[in-house]
file upload_10.pdb (PDB, C-alpha atoms)
ATOM      1  CA  MET A  22     -13.132  -2.121  -0.698
ATOM      2  CA  TYR A  23     -11.357  -1.169   2.513
ATOM      3  CA  GLY A  24      -7.678  -0.334   2.826
ATOM      4  CA  LEU A  25      -5.117   0.407   5.488
ATOM      5  CA  ILE A  26      -1.678   1.960   5.333
ATOM      6  CA  GLY A  27       0.293   1.632   8.550
ATOM      7  CA  LYS A  28       3.782   2.590   9.662
ATOM      8  CA  ILE A  29       5.044   0.626  12.659
ATOM      9  CA  LYS A  30       8.149   1.349  14.700
ATOM     10  CA  ALA A  31       9.725  -1.852  16.019
ATOM     11  CA  LEU A  32      11.776  -1.934  19.185
ATOM     12  CA  PRO A  33      15.479  -1.525  18.379
ATOM     13  CA  GLY A  34      16.764  -4.628  16.614
ATOM     14  CA  LYS A  35      13.307  -6.250  16.528
ATOM     15  CA  ARG A  36      12.164  -5.322  13.018
ATOM     16  CA  GLU A  37      13.213  -8.574  11.365
ATOM     17  CA  PRO A  38      11.528 -10.915  13.870
ATOM     18  CA  LEU A  39       8.447  -8.674  13.640
ATOM     19  CA  ILE A  40       8.431  -8.948   9.849
ATOM     20  CA  ASP A  41       8.800 -12.735  10.074
ATOM     21  CA  LEU A  42       5.896 -12.864  12.507
ATOM     22  CA  LEU A  43       3.669 -10.678  10.339
ATOM     23  CA  LEU A  44       4.402 -12.810   7.281
ATOM     24  CA  GLU A  45       3.674 -16.091   9.067
ATOM     25  CA  GLY A  46      -0.033 -15.388   8.794
ATOM     26  CA  SER A  47      -2.038 -17.468   6.358
ATOM     27  CA  GLU A  48      -4.595 -16.327   3.810
ATOM     28  CA  MET A  49      -7.380 -14.405   5.509
ATOM     29  CA  PRO A  50     -10.952 -14.415   4.163
ATOM     30  CA  GLY A  51     -11.634 -11.209   2.225
ATOM     31  CA  CYS A  52      -7.993 -10.101   2.181
ATOM     32  CA  LEU A  53      -7.145  -8.920  -1.338
ATOM     33  CA  SER A  54      -3.688  -7.559  -0.549
ATOM     34  CA  TYR A  55      -1.401  -7.578   2.493
ATOM     35  CA  VAL A  56       2.155  -6.327   1.985
ATOM     36  CA  VAL A  57       4.861  -5.944   4.646
ATOM     37  CA  ALA A  58       7.758  -3.677   3.679
ATOM     38  CA  ARG A  59      10.897  -2.288   5.306
ATOM     39  CA  ASP A  60      11.422   1.447   5.460
ATOM     40  CA  PRO A  61      14.740   1.899   3.653
ATOM     41  CA  ILE A  62      15.752   4.955   5.687
ATOM     42  CA  GLU A  63      14.534   4.285   9.241
ATOM     43  CA  PRO A  64      16.009   0.936  10.407
ATOM     44  CA  ASP A  65      13.307   0.193  12.982
ATOM     45  CA  ASN A  66      10.326   1.080  10.789
ATOM     46  CA  LEU A  67       8.152  -1.031   8.572
ATOM     47  CA  TRP A  68       5.044  -0.408   6.488
ATOM     48  CA  ILE A  69       1.956  -2.574   6.098
ATOM     49  CA  THR A  70      -0.470  -1.908   3.251
ATOM     50  CA  GLU A  71      -3.713  -3.847   3.209
ATOM     51  CA  VAL A  72      -6.729  -4.139   0.916
ATOM     52  CA  TRP A  73      -9.874  -6.005   1.959
ATOM     53  CA  ASP A  74     -13.096  -6.673   0.131
ATOM     54  CA  CYS A  75     -14.849  -4.768   2.982
ATOM     55  CA  GLN A  76     -14.175  -3.361   6.428
ATOM     56  CA  GLU A  77     -16.176  -6.153   8.048
ATOM     57  CA  SER A  78     -13.776  -8.773   6.665
ATOM     58  CA  ARG A  79     -10.826  -6.948   8.132
ATOM     59  CA  GLN A  80     -12.616  -6.608  11.451
ATOM     60  CA  ALA A  81     -13.525 -10.305  11.443
ATOM     61  CA  SER A  82      -9.917 -11.270  10.776
ATOM     62  CA  LEU A  83      -8.952  -9.826  14.157
ATOM     63  CA  SER A  84     -10.861 -12.668  15.814
ATOM     64  CA  LEU A  85      -9.031 -15.419  13.929
ATOM     65  CA  PRO A  86      -6.869 -17.408  16.400
ATOM     66  CA  VAL A  87      -3.820 -17.095  14.132
ATOM     67  CA  VAL A  88      -4.207 -13.308  13.976
ATOM     68  CA  GLN A  89      -4.743 -13.024  17.730
ATOM     69  CA  GLN A  90      -1.602 -15.038  18.364
ATOM     70  CA  THR A  91       0.342 -12.820  15.958
ATOM     71  CA  MET A  92      -0.957  -9.665  17.641
ATOM     72  CA  GLU A  93      -0.042 -11.024  21.080
ATOM     73  CA  LYS A  94       3.491 -12.025  20.061
ATOM     74  CA  SER A  95       4.119  -8.803  18.140
ATOM     75  CA  GLN A  96       3.343  -6.582  21.143
ATOM     76  CA  ALA A  97       6.727  -7.520  22.589
ATOM     77  CA  LEU A  98       8.423  -6.313  19.388
ATOM     78  CA  ILE A  99       6.575  -3.044  18.707
ATOM     79  CA  ALA A 100       7.604   0.393  19.999
ATOM     80  CA  GLY A 101       4.715   2.296  18.453
ATOM     81  CA  PHE A 102       2.390   3.000  15.548
ATOM     82  CA  GLU A 103       3.586   6.054  13.649
ATOM     83  CA  GLN A 104       0.943   6.266  10.909
ATOM     84  CA  HIS A 105      -2.410   4.590  10.510
ATOM     85  CA  VAL A 106      -4.457   5.618   7.484
ATOM     86  CA  GLN A 107      -7.755   4.136   6.345
ATOM     87  CA  THR A 108      -8.415   4.230   2.604
ATOM     88  CA  ARG A 109     -11.107   3.227   0.133
ATOM     89  CA  PRO A 110      -9.348   1.297  -2.636
ATOM     90  CA  VAL A 111     -10.983   1.686  -6.045
ATOM     91  CA  GLY A 112      -8.956  -0.726  -8.126
ATOM     92  CA  GLY A 113      -5.589  -1.558  -9.581
ATOM     93  CA  GLN A 114      -3.298  -4.532 -10.147
ATOM     94  CA  GLY A 115      -2.325  -7.331  -7.819
ATOM     95  CA  LEU A 116      -5.607  -7.546  -5.972
ATOM     96  CA  ALA A 117      -6.332 -11.184  -5.275
ATOM     97  CA  HIS A 118      -9.946 -12.124  -6.012
ATOM     98  CA  SER A 119     -11.982 -12.210  -2.830
ATOM     99  CA  GLY A 120     -12.585 -15.896  -1.919
TER     100      GLY A 120
ATOM    101  CA  MET B  10      11.244  -5.730  -4.269
ATOM    102  CA  TYR B  11      10.599  -2.007  -4.520
ATOM    103  CA  GLY B  12       7.558  -0.205  -3.171
ATOM    104  CA  LEU B  13       5.995   3.223  -3.179
ATOM    105  CA  ILE B  14       3.304   4.801  -1.056
ATOM    106  CA  GLY B  15       2.049   8.121  -2.379
ATOM    107  CA  LYS B  16      -0.619  10.591  -1.319
ATOM    108  CA  ILE B  17      -1.810  12.881  -4.101
ATOM    109  CA  LYS B  18      -3.981  15.951  -3.750
ATOM    110  CA  ALA B  19      -6.211  16.428  -6.801
ATOM    111  CA  LEU B  20      -7.467  19.819  -7.857
ATOM    112  CA  PRO B  21     -10.906  20.520  -6.362
ATOM    113  CA  GLY B  22     -13.476  18.235  -7.994
ATOM    114  CA  LYS B  23     -10.860  16.418 -10.080
ATOM    115  CA  ARG B  24     -10.238  13.337  -7.934
ATOM    116  CA  GLU B  25     -12.621  11.046  -9.801
ATOM    117  CA  PRO B  26     -11.320  11.794 -13.318
ATOM    118  CA  LEU B  27      -7.787  11.401 -11.916
ATOM    119  CA  ILE B  28      -8.659   8.010 -10.437
ATOM    120  CA  ASP B  29     -10.195   6.913 -13.743
ATOM    121  CA  LEU B  30      -7.058   8.025 -15.560
ATOM    122  CA  LEU B  31      -4.736   6.216 -13.160
ATOM    123  CA  LEU B  32      -6.754   3.009 -13.471
ATOM    124  CA  GLU B  33      -6.801   3.117 -17.280
ATOM    125  CA  GLY B  34      -3.213   1.920 -17.333
ATOM    126  CA  SER B  35      -2.554  -1.632 -18.462
ATOM    127  CA  GLU B  36      -0.374  -4.256 -16.859
ATOM    128  CA  MET B  37       3.197  -2.988 -16.518
ATOM    129  CA  PRO B  38       6.194  -5.349 -16.659
ATOM    130  CA  GLY B  39       7.478  -6.065 -13.148
ATOM    131  CA  CYS B  40       4.497  -4.495 -11.408
ATOM    132  CA  LEU B  41       3.357  -6.829  -8.627
ATOM    133  CA  SER B  42       0.791  -4.497  -7.089
ATOM    134  CA  TYR B  43      -0.682  -1.102  -7.978
ATOM    135  CA  VAL B  44      -3.659   0.093  -5.938
ATOM    136  CA  VAL B  45      -5.467   3.431  -6.236
ATOM    137  CA  ALA B  46      -7.591   4.398  -3.224
ATOM    138  CA  ARG B  47      -9.673   7.355  -2.099
ATOM    139  CA  ASP B  48      -8.895   9.051   1.179
ATOM    140  CA  PRO B  49     -12.175   8.733   3.098
ATOM    141  CA  ILE B  50     -11.686  11.982   5.024
ATOM    142  CA  GLU B  51     -10.038  14.415   2.583
ATOM    143  CA  PRO B  52     -12.260  14.664  -0.541
ATOM    144  CA  ASP B  53      -9.474  15.737  -2.906
ATOM    145  CA  ASN B  54      -6.908  13.184  -1.775
ATOM    146  CA  LEU B  55      -6.053   9.742  -3.054
ATOM    147  CA  TRP B  56      -3.416   7.146  -2.226
ATOM    148  CA  ILE B  57      -1.376   4.989  -4.576
ATOM    149  CA  THR B  58       0.483   1.963  -3.226
ATOM    150  CA  GLU B  59       2.821   0.134  -5.564
ATOM    151  CA  VAL B  60       5.028  -2.959  -5.409
ATOM    152  CA  TRP B  61       7.523  -3.789  -8.156
ATOM    153  CA  ASP B  62       9.887  -6.684  -8.589
ATOM    154  CA  CYS B  63      12.731  -4.103  -8.589
ATOM    155  CA  GLN B  64      13.307  -0.347  -8.764
ATOM    156  CA  GLU B  65      14.557  -0.641 -12.345
ATOM    157  CA  SER B  66      11.180  -2.025 -13.486
ATOM    158  CA  ARG B  67       9.388   0.911 -11.936
ATOM    159  CA  GLN B  68      11.855   3.334 -13.516
ATOM    160  CA  ALA B  69      11.451   1.640 -16.918
ATOM    161  CA  SER B  70       7.677   1.899 -16.691
ATOM    162  CA  LEU B  71       7.971   5.686 -16.760
ATOM    163  CA  SER B  72       9.135   5.437 -20.387
ATOM    164  CA  LEU B  73       6.155   3.392 -21.534
ATOM    165  CA  PRO B  74       4.009   5.485 -23.921
ATOM    166  CA  VAL B  75       0.827   4.644 -21.997
ATOM    167  CA  VAL B  76       2.416   5.813 -18.721
ATOM    168  CA  GLN B  77       3.781   8.990 -20.284
ATOM    169  CA  GLN B  78       0.334   9.829 -21.659
ATOM    170  CA  THR B  79      -1.205   9.198 -18.245
ATOM    171  CA  MET B  80       1.367  11.425 -16.533
ATOM    172  CA  GLU B  81       0.799  14.190 -19.080
ATOM    173  CA  LYS B  82      -3.001  14.101 -18.755
ATOM    174  CA  SER B  83      -2.895  13.838 -14.960
ATOM    175  CA  GLN B  84      -0.845  17.021 -14.551
ATOM    176  CA  ALA B  85      -3.977  19.046 -15.297
ATOM    177  CA  LEU B  86      -5.798  17.261 -12.447
ATOM    178  CA  ILE B  87      -3.155  17.291  -9.697
ATOM    179  CA  ALA B  88      -2.692  20.031  -7.096
ATOM    180  CA  GLY B  89       0.271  18.435  -5.360
ATOM    181  CA  PHE B  90       2.040  15.409  -3.908
ATOM    182  CA  GLU B  91       1.551  15.288  -0.142
ATOM    183  CA  GLN B  92       3.472  12.112   0.709
ATOM    184  CA  HIS B  93       5.927  10.032  -1.263
ATOM    185  CA  VAL B  94       7.525   7.113   0.561
ATOM    186  CA  GLN B  95       9.826   4.487  -0.887
ATOM    187  CA  THR B  96       9.691   1.062   0.734
ATOM    188  CA  ARG B  97      11.323  -2.365   0.435
ATOM    189  CA  PRO B  98       8.483  -4.900   0.366
ATOM    190  CA  VAL B  99       9.398  -8.247   1.901
ATOM    191  CA  GLY B 100       6.299 -10.291   1.169
ATOM    192  CA  GLY B 101       2.629 -10.735   1.803
ATOM    193  CA  GLN B 102      -0.567 -11.586  -0.038
ATOM    194  CA  GLY B 103      -1.903 -10.281  -3.314
ATOM    195  CA  LEU B 104       1.410  -9.837  -5.021
ATOM    196  CA  ALA B 105       1.015 -10.812  -8.633
ATOM    197  CA  HIS B 106       3.853 -12.968  -9.910
ATOM    198  CA  SER B 107       6.340 -10.900 -11.863
ATOM    199  CA  GLY B 108       5.839 -11.631 -15.624
TER     200      GLY B 108
END
call {"tool": "encode", "arguments": {"input": "upload_10.pdb", "output": "structure tokens"}}
result
Amino acid sequence: MYGLIGKIKALPGKREPLIDLLLEGSEMPGCLSYVVARDPIEPDNLWITEVWDCQESRQASLSLPVVQQTMEKSQALIAGFEQHVQTRPVGGQGLAHSG
Amino acid sequence: MYGLIGKIKALPGKREPLIDLLLEGSEMPGCLSYVVARDPIEPDNLWITEVWDCQESRQASLSLPVVQQTMEKSQALIAGFEQHVQTRPVGGQGLAHSG
């Protein structure tokens, strides 16, 4: 499996519309987990944790029209990427079965 | 919802038994997601990402006998905690429904 942990800094006051945008996305092939979370301390920051059945699925998702639209719209709301970690998930709970 | 993102450094050569131990745990009340992942670059490091229906559920889980046994056994395998972030998950995919 392939995982990502990312910390994104939104432009001031833009975290909520960014969260809404990120959560608009529909189910993506091979996506086993995709969680958007607020940072409780830093008001402009949010975290995204992802698990995919493989890196290729995640890569392929970037070409989906809905994902490209989301990426385009979110650029106007993002100040920067503060952490971007790739992981190799082994297992756990709450991993949707890969369609 | 309540979330945690943790980076744990295992003692040299102890990452795999630590992963096995962490994945032995059974379903925990209120746990919507619990993923254990290897760090692909640092051979002793692993990541745990968790989502709970609320902070109280996560706190209560620490009193479960199975969790206490896991924590006890894992102490002999852990060198240190390198990152421990609390988050407020908003939504996403792969979140089991809270039992």
call {"tool": "interface_residues", "arguments": {"input": "upload_10.pdb", "of": "chain B", "to": "chain A", "cutoff": "7 Å", "atoms": "only C-alpha atoms", "output": "list in words"}}
result
Leu32, Leu41, Ser42, Tyr43, Val44, Val45, Ala46, Arg47, Asp48, Pro49, Thr96, Arg97, Pro98, Val99, Gly100, Gly101, Gln102, Gly103, Leu104 and Ala105 of chain B
call {"tool": "atom_distance", "arguments": {"input": "upload_10.pdb", "atom1": "CA of Lys16 in chain B", "atom2": "CA of Gln84 in chain B"}}
result
14.7 Å
call {"tool": "atom_distance", "arguments": {"input": "upload_10.pdb", "atom1": "CA of Gln64 in chain B", "atom2": "CA of Glu37 in chain A"}}
result
21.7 Å
call {"tool": "residues_around", "arguments": {"input": "upload_10.pdb", "residues": "Leu42 in chain A", "least_positions_apart": "4", "cutoff": "10 Å", "atoms": "all atoms listed in the file", "output": "VMD selection string"}}
result
chain A and resid 36 to 38 46 90 to 92 94 to 95 98
call {"tool": "atom_distance", "arguments": {"input": "upload_10.pdb", "atom1": "CA of Glu81 in chain B", "atom2": "CA of Leu27 in chain B"}}
result
11.5 Å
call {"tool": "resolve_selection", "arguments": {"input": "upload_10.pdb", "expression": "the PyMOL selection byres ((chain B and resi 68) around 12)", "output": "list in words"}}
result
Tyr11, Gly12, Leu13, Met37, Pro38, Gly39, Cys40, Trp61, Asp62, Cys63, Gln64, Glu65, Ser66, Arg67, Ala69, Ser70, Leu71, Ser72, Leu73, Val76 and Gln77 of chain B
call {"tool": "axis_aligned_box", "arguments": {"input": "upload_10.pdb", "around": "range 91-98 of chain B", "padding_each_side": "8 Å", "output": "AutoDock Vina command-line options"}}
result
--center_x 6.4 --center_y 5.2 --center_z -0.3 --size_x 25.8 --size_y 36.2 --size_z 18.0
call {"tool": "residues_near_point", "arguments": {"input": "upload_10.pdb", "point": "(1.0, 14.1, 2.8)", "cutoff": "8 Å", "atoms": "all atoms listed in the file", "output": "MDAnalysis selection string"}}
result
chainID B and resid 15:17 90:93
